[in-house]
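Visitor: Handing over upload06.txt, compact mmCIF, C-alpha atoms.
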```
# COMPACT_ATOMS: atom_id res chain seq x y z
CA MET A 1 -42.64 -26.18 134.11
CA ASP A 2 -41.89 -28.81 131.52
CA ILE A 3 -40.01 -31.48 133.49
CA TRP A 4 -38.55 -33.06 130.33
CA VAL A 5 -37.08 -29.77 129.12
CA PHE A 6 -35.74 -29.14 132.63
CA LEU A 7 -34.09 -32.57 132.61
CA VAL A 8 -32.48 -31.83 129.23
CA PHE A 9 -30.94 -28.67 130.67
CA LEU A 10 -29.91 -30.49 133.83
CA LEU A 11 -28.20 -33.11 131.66
CA ALA A 12 -26.48 -30.26 129.80
CA CYS A 13 -24.82 -29.43 133.13
CA GLY A 14 -23.56 -33.02 133.37
CA PRO A 15 -20.25 -32.58 131.51
CA SER A 16 -19.31 -29.73 133.81
CA ALA A 17 -20.19 -31.79 136.87
CA ALA A 18 -18.25 -34.72 135.43
CA THR A 19 -15.06 -32.69 135.03
CA GLY A 20 -15.36 -31.75 138.69
CA ALA A 21 -15.37 -35.44 139.55
CA MET A 22 -12.63 -36.35 137.06
CA PHE A 23 -10.20 -33.59 138.05
CA SER A 24 -10.42 -33.32 141.81
CA PRO A 25 -8.20 -30.74 143.55
CA GLY A 26 -5.93 -33.34 145.14
CA GLU A 27 -2.64 -32.92 146.92
CA TRP A 28 -1.30 -30.44 144.34
CA TYR A 29 -4.06 -27.92 145.11
CA ARG A 30 -3.87 -28.53 148.86
CA SER A 31 -0.14 -27.68 148.74
CA LEU A 32 -0.74 -24.26 147.18
CA ALA A 33 -0.96 -21.07 149.23
CA LYS A 34 -4.56 -19.86 149.33
CA PRO A 35 -6.24 -16.78 150.80
CA SER A 36 -7.82 -17.02 154.25
CA TRP A 37 -11.29 -16.58 152.75
CA THR A 38 -11.06 -19.75 150.63
CA PRO A 39 -14.40 -21.58 150.94
CA PRO A 40 -14.26 -24.95 152.73
CA ASP A 41 -14.04 -28.04 150.49
CA TRP A 42 -17.53 -29.28 151.45
CA LEU A 43 -19.12 -26.09 150.08
CA PHE A 44 -18.11 -26.68 146.46
CA PRO A 45 -20.34 -29.71 145.70
CA VAL A 46 -23.24 -28.14 147.61
CA ALA A 47 -22.87 -24.85 145.74
CA TRP A 48 -22.49 -26.49 142.33
CA THR A 49 -25.48 -28.79 142.84
CA THR A 50 -27.62 -25.79 143.73
CA LEU A 51 -26.24 -23.79 140.82
CA TYR A 52 -26.85 -26.57 138.29
CA ILE A 53 -30.48 -26.76 139.41
CA CYS A 54 -30.84 -22.98 139.01
CA ILE A 55 -29.08 -23.07 135.62
CA ALA A 56 -31.37 -25.85 134.39
CA LEU A 57 -34.50 -24.07 135.66
CA ALA A 58 -33.40 -20.89 133.90
CA GLY A 59 -32.73 -22.75 130.66
CA GLU A 60 -36.12 -24.47 130.83
CA ARG A 61 -37.90 -21.16 131.33
CA VAL A 62 -36.15 -19.59 128.35
CA ALA A 63 -36.60 -22.62 126.09
CA ARG A 64 -40.37 -22.52 126.71
CA GLN A 65 -40.38 -19.08 125.06
CA ALA A 66 -39.10 -20.45 121.73
CA GLY A 67 -41.39 -19.36 118.93
CA VAL A 68 -42.77 -16.56 121.09
CA ASN A 69 -39.67 -14.47 121.72
CA PRO A 70 -37.09 -13.98 118.95
CA ALA A 71 -34.32 -13.44 121.53
CA VAL A 72 -34.48 -17.08 122.65
CA GLY A 73 -32.02 -18.28 119.99
CA ILE A 74 -29.28 -15.87 121.07
CA ALA A 75 -29.96 -16.58 124.74
CA LEU A 76 -29.63 -20.34 124.24
CA ALA A 77 -26.51 -19.92 122.10
CA LEU A 78 -24.93 -17.94 124.93
CA PHE A 79 -26.05 -20.67 127.34
CA ALA A 80 -24.15 -23.23 125.27
CA VAL A 81 -21.01 -21.06 125.13
CA GLN A 82 -20.90 -20.47 128.88
CA MET A 83 -21.50 -24.17 129.58
CA GLY A 84 -18.58 -25.04 127.30
CA LEU A 85 -16.35 -22.63 129.19
CA ASN A 86 -17.62 -24.04 132.48
CA VAL A 87 -16.58 -27.54 131.34
CA LEU A 88 -13.15 -26.25 130.31
CA TRP A 89 -12.01 -24.56 133.52
CA THR A 90 -11.59 -27.62 135.77
CA PRO A 91 -9.36 -29.60 133.38
CA VAL A 92 -7.23 -26.51 132.70
CA PHE A 93 -6.81 -25.53 136.35
CA PHE A 94 -6.76 -28.90 138.14
CA GLY A 95 -5.87 -31.25 135.28
CA LEU A 96 -3.16 -29.26 133.53
CA LYS A 97 -2.34 -27.24 136.67
CA ARG A 98 -2.33 -24.02 134.67
CA LEU A 99 -3.17 -21.18 137.04
CA ARG A 100 -2.92 -18.50 134.36
CA GLY A 101 -4.83 -20.59 131.83
CA GLY A 102 -7.52 -21.14 134.44
CA MET A 103 -7.73 -17.39 134.97
CA VAL A 104 -8.18 -16.81 131.23
CA VAL A 105 -10.93 -19.44 131.05
CA LEU A 106 -12.62 -18.04 134.18
CA SER A 107 -12.53 -14.51 132.76
CA LEU A 108 -14.20 -15.74 129.58
CA LEU A 109 -16.66 -17.79 131.65
CA TRP A 110 -17.56 -14.71 133.70
CA LEU A 111 -18.27 -12.78 130.49
CA GLY A 112 -20.29 -15.70 129.14
CA VAL A 113 -22.36 -16.06 132.30
CA ALA A 114 -22.95 -12.29 132.47
CA ALA A 115 -24.03 -12.19 128.81
CA THR A 116 -26.30 -15.19 129.32
CA LEU A 117 -27.82 -13.59 132.42
CA VAL A 118 -28.65 -10.43 130.44
CA ALA A 119 -29.99 -12.42 127.47
CA PHE A 120 -32.09 -14.64 129.74
CA TRP A 121 -33.40 -11.59 131.64
CA ARG A 122 -34.60 -10.11 128.36
CA VAL A 123 -36.58 -13.28 127.63
CA ASP A 124 -37.77 -14.05 131.19
CA TRP A 125 -36.70 -12.02 134.21
CA VAL A 126 -36.98 -15.04 136.52
CA ALA A 127 -34.55 -16.97 134.29
CA GLY A 128 -32.16 -14.03 134.47
CA ALA A 129 -32.51 -13.85 138.24
CA LEU A 130 -31.74 -17.58 138.47
CA PHE A 131 -28.34 -16.80 136.92
CA VAL A 132 -27.42 -14.20 139.58
CA PRO A 133 -26.10 -16.80 142.08
CA TYR A 134 -24.11 -18.42 139.27
CA LEU A 135 -22.49 -15.11 138.31
CA THR A 136 -21.78 -14.45 141.99
CA TRP A 137 -20.11 -17.86 142.40
CA VAL A 138 -18.04 -17.42 139.22
CA THR A 139 -16.96 -14.01 140.54
CA ILE A 140 -15.79 -15.64 143.77
CA ALA A 141 -14.08 -18.41 141.79
CA GLY A 142 -12.31 -15.78 139.69
CA ALA A 143 -11.11 -13.95 142.77
CA LEU A 144 -9.92 -17.24 144.25
CA ASN A 145 -8.15 -18.26 141.02
CA TRP A 146 -6.48 -14.83 140.90
CA SER A 147 -5.45 -15.03 144.55
CA VAL A 148 -3.99 -18.54 144.19
CA MET A 149 -2.15 -17.41 141.07
CA THR A 150 -0.63 -14.36 142.80
CA LEU A 151 0.15 -16.23 146.03
CA ASN A 152 1.99 -18.93 144.05
CA PRO A 153 3.98 -16.97 141.44
CA ASP A 154 6.48 -19.77 140.80
CA VAL A 155 3.69 -22.25 140.02
CA ALA A 156 1.93 -19.65 137.86
CA LYS A 157 5.12 -19.04 135.86
CA ASN A 158 6.23 -22.67 135.59
CA PRO A 159 3.34 -25.12 136.08
CA ASP A 160 5.45 -28.11 135.02
CA ALA A 161 7.76 -27.64 137.99
CA ALA A 162 4.82 -27.98 140.39
CA ARG A 163 3.30 -31.17 138.98
CA ALA A 164 2.65 -33.68 141.70
```
Would you put the structure from the file into C-alpha cells?
Guide:
Amino acid sequence: MDIWVFLVFLLACGPSAATGAMFSPGEWYRSLAKPSWTPPDWLFPVAWTTLYICIALAGERVARQAGVNPAVGIALALFAVQMGLNVLWTPVFFGLKRLRGGMVVLSLLWLGVAATLVAFWRVDWVAGALFVPYLTWVTIAGALNWSVMTLNPDVAKNPDAARA
C-alpha cells in the first residue's frame, strides 16, 4: 500500500464528510415520521468513517494500477462522479430539506457507486469488494430516504412549509 496515495483518496472523502458536519439532521429531521427500522443516530458517523476508509483503500488499490491497466482511467472518473454525488446529497436533503431532491440524488449516487464498484472490480477485485459495504449503505440510505418521503407526503410536496 502506498500511504500517500491512500491519504489523497481519504482527503477526497473530506468534502463529503464536511457536508455531514455542516448540515446536521437537526430538529427538522427529528420531527419527521420515520420507519421503525431507522438506524440510531450514533451509527451514522461510525458507518461513514468505516466506509470512507474502505473507499480510500479501494481508490488507492486502483490508482496503483495506472499505467498497467487501461480501465483505471474510467474507474477513477466514476470514483470522482460518485464522490460528487455523495457530497451533494446532504445539502439537498438536510440543507434544502428537499426529500424528493434527495431521492433523485441518492438514486444517481446508487448508480454511481454501483458503476464504480463494477469498474473497480475489473481493475482489482479487492477494490471492488471494498465498495460492497458502501453500496449496501447507500441502498439502506435510499430506502430510508424513500420511506421518509412517503411517510411525510406534505413535506415532500411542499418543503418550504416544513422549514424549521
Visitor: Of the candidates A:Leu88, A:Val8, A:Ala127, A:Leu151, which shows the shortest atom-to-atom distance to Leu108 in chain A, using all atoms listed in the file?
Guide: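 Nearest candidate to Leu108 in chain A out of A:Leu88, A:Val8, A:Ala127, A:Leu151: A:Leu88.
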Visitor: Of the residues A:Pro133, A:Pro15, A:Pro25, A:Pro159, which is the one nearest to Gly84 in chain A, using all atoms listed in the file?
Guide: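 For Gly84 in chain A, the nearest of the candidates is A:Pro15.
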Visitor: For a test of reading the model, state the distance in Å between CA of Leu135 in chain A and CA of Gly101 in chain A, rounded to one decimal.
Guide: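 These atoms are spaced 19.6 Å apart.
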Visitor: Counting all atoms listed in the file, I want the residues whose atoms come within 10 Å of (-41.7, -26.0, 130.2) in the file frame, returned as a CSV table (one decimal) with C-alpha atoms, in the coordinates of the input.
Guide:
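Okay, this is what ended up in part-v3.csv:
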```csv
chain,number,residue,atom,x,y,z
A,1,MET,CA,-42.6,-26.2,134.1
A,2,ASP,CA,-41.9,-28.8,131.5
A,3,ILE,CA,-40.0,-31.5,133.5
A,4,TRP,CA,-38.6,-33.1,130.3
A,5,VAL,CA,-37.1,-29.8,129.1
A,6,PHE,CA,-35.7,-29.1,132.6
A,57,LEU,CA,-34.5,-24.1,135.7
A,59,GLY,CA,-32.7,-22.8,130.7
A,60,GLU,CA,-36.1,-24.5,130.8
A,61,ARG,CA,-37.9,-21.2,131.3
A,62,VAL,CA,-36.2,-19.6,128.4
A,63,ALA,CA,-36.6,-22.6,126.1
A,64,ARG,CA,-40.4,-22.5,126.7
A,65,GLN,CA,-40.4,-19.1,125.1
```
Visitor: Identify which of the residues A:Thr19, A:Arg98, A:Phe93, A:Leu43 lies closest to Asp154 in chain A, counting only C-alpha atoms when measuring atom-to-atom distances.
Guide: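 Closest to Asp154 in chain A, using only C-alpha atoms: A:Arg98.
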Visitor: Mind checking which residues fall within 9 Å of Leu106 in chain A, counting only C-alpha atoms, ignoring those fewer than 5 positions away in the same chain, and posting them as a list in words?
Guide: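 Listing them by chain and then by number gives Leu85, Asn86, Trp89, Gly101, Leu111, Val138, Thr139, Ala141, Gly142 and Asn145 of chain A.
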Visitor: For Gly26 in chain A, find every residue with an atom within 9 Å (counting all atoms listed in the file), except residues of its own chain fewer than 4 positions away, and show them as a compact mmCIF listing (two decimals) with C-alpha atoms, keeping the file's coordinate frame.
Guide:
```
# COMPACT_ATOMS: atom_id res chain seq x y z
CA ARG A 30 -3.87 -28.53 148.86
CA SER A 31 -0.14 -27.68 148.74
CA PHE A 94 -6.76 -28.90 138.14
```
Visitor: For Trp48 in chain A, which of A:Gly20, A:Gly128, A:Ser147, A:Val155 is the closest residue, counting all atoms listed in the file?
Guide: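 Nearest to Trp48 in chain A: A:Gly20.
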Visitor: Using only C-alpha atoms, pick whichever of A:Asp160, A:Ala66, A:Trp110, A:Ser24 has the shortest atom-to-atom distance to Asp124 in chain A.
Guide: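 Looking only at the distances to Asp124 in chain A, the closest residue turns out to be A:Ala66.
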Visitor: Find the residue from A:Phe131, A:Phe23, A:Phe120, A:Trp42 that sits nearest to Ile74 in chain A; use only C-alpha atoms when measuring.
Guide: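 Comparing A:Phe131, A:Phe23, A:Phe120, A:Trp42 against Ile74 in chain A, the winner is A:Phe120.
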Visitor: Please measure the separation of CA of Ala18 in chain A and CA of Leu99 in chain A, giving the value in Å to one decimal.
Guide: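 So the answer is 20.3 Å.
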Visitor: Between CA of Ala33 in chain A and CA of Ala21 in chain A, what is the distance in Å, rounded to a tenth?
Guide: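 The value is 22.5 Å.
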Visitor: If the box runs along x, y and z of the file and leaves 5 Å on each side of range 99-108 of chain A, what are its centre and edge lengths in Å, one decimal, as JSON?
Guide:
```
{"center_x": -8.6, "center_y": -17.8, "center_z": 133.3, "size_x": 21.3, "size_y": 16.7, "size_z": 17.5}
```
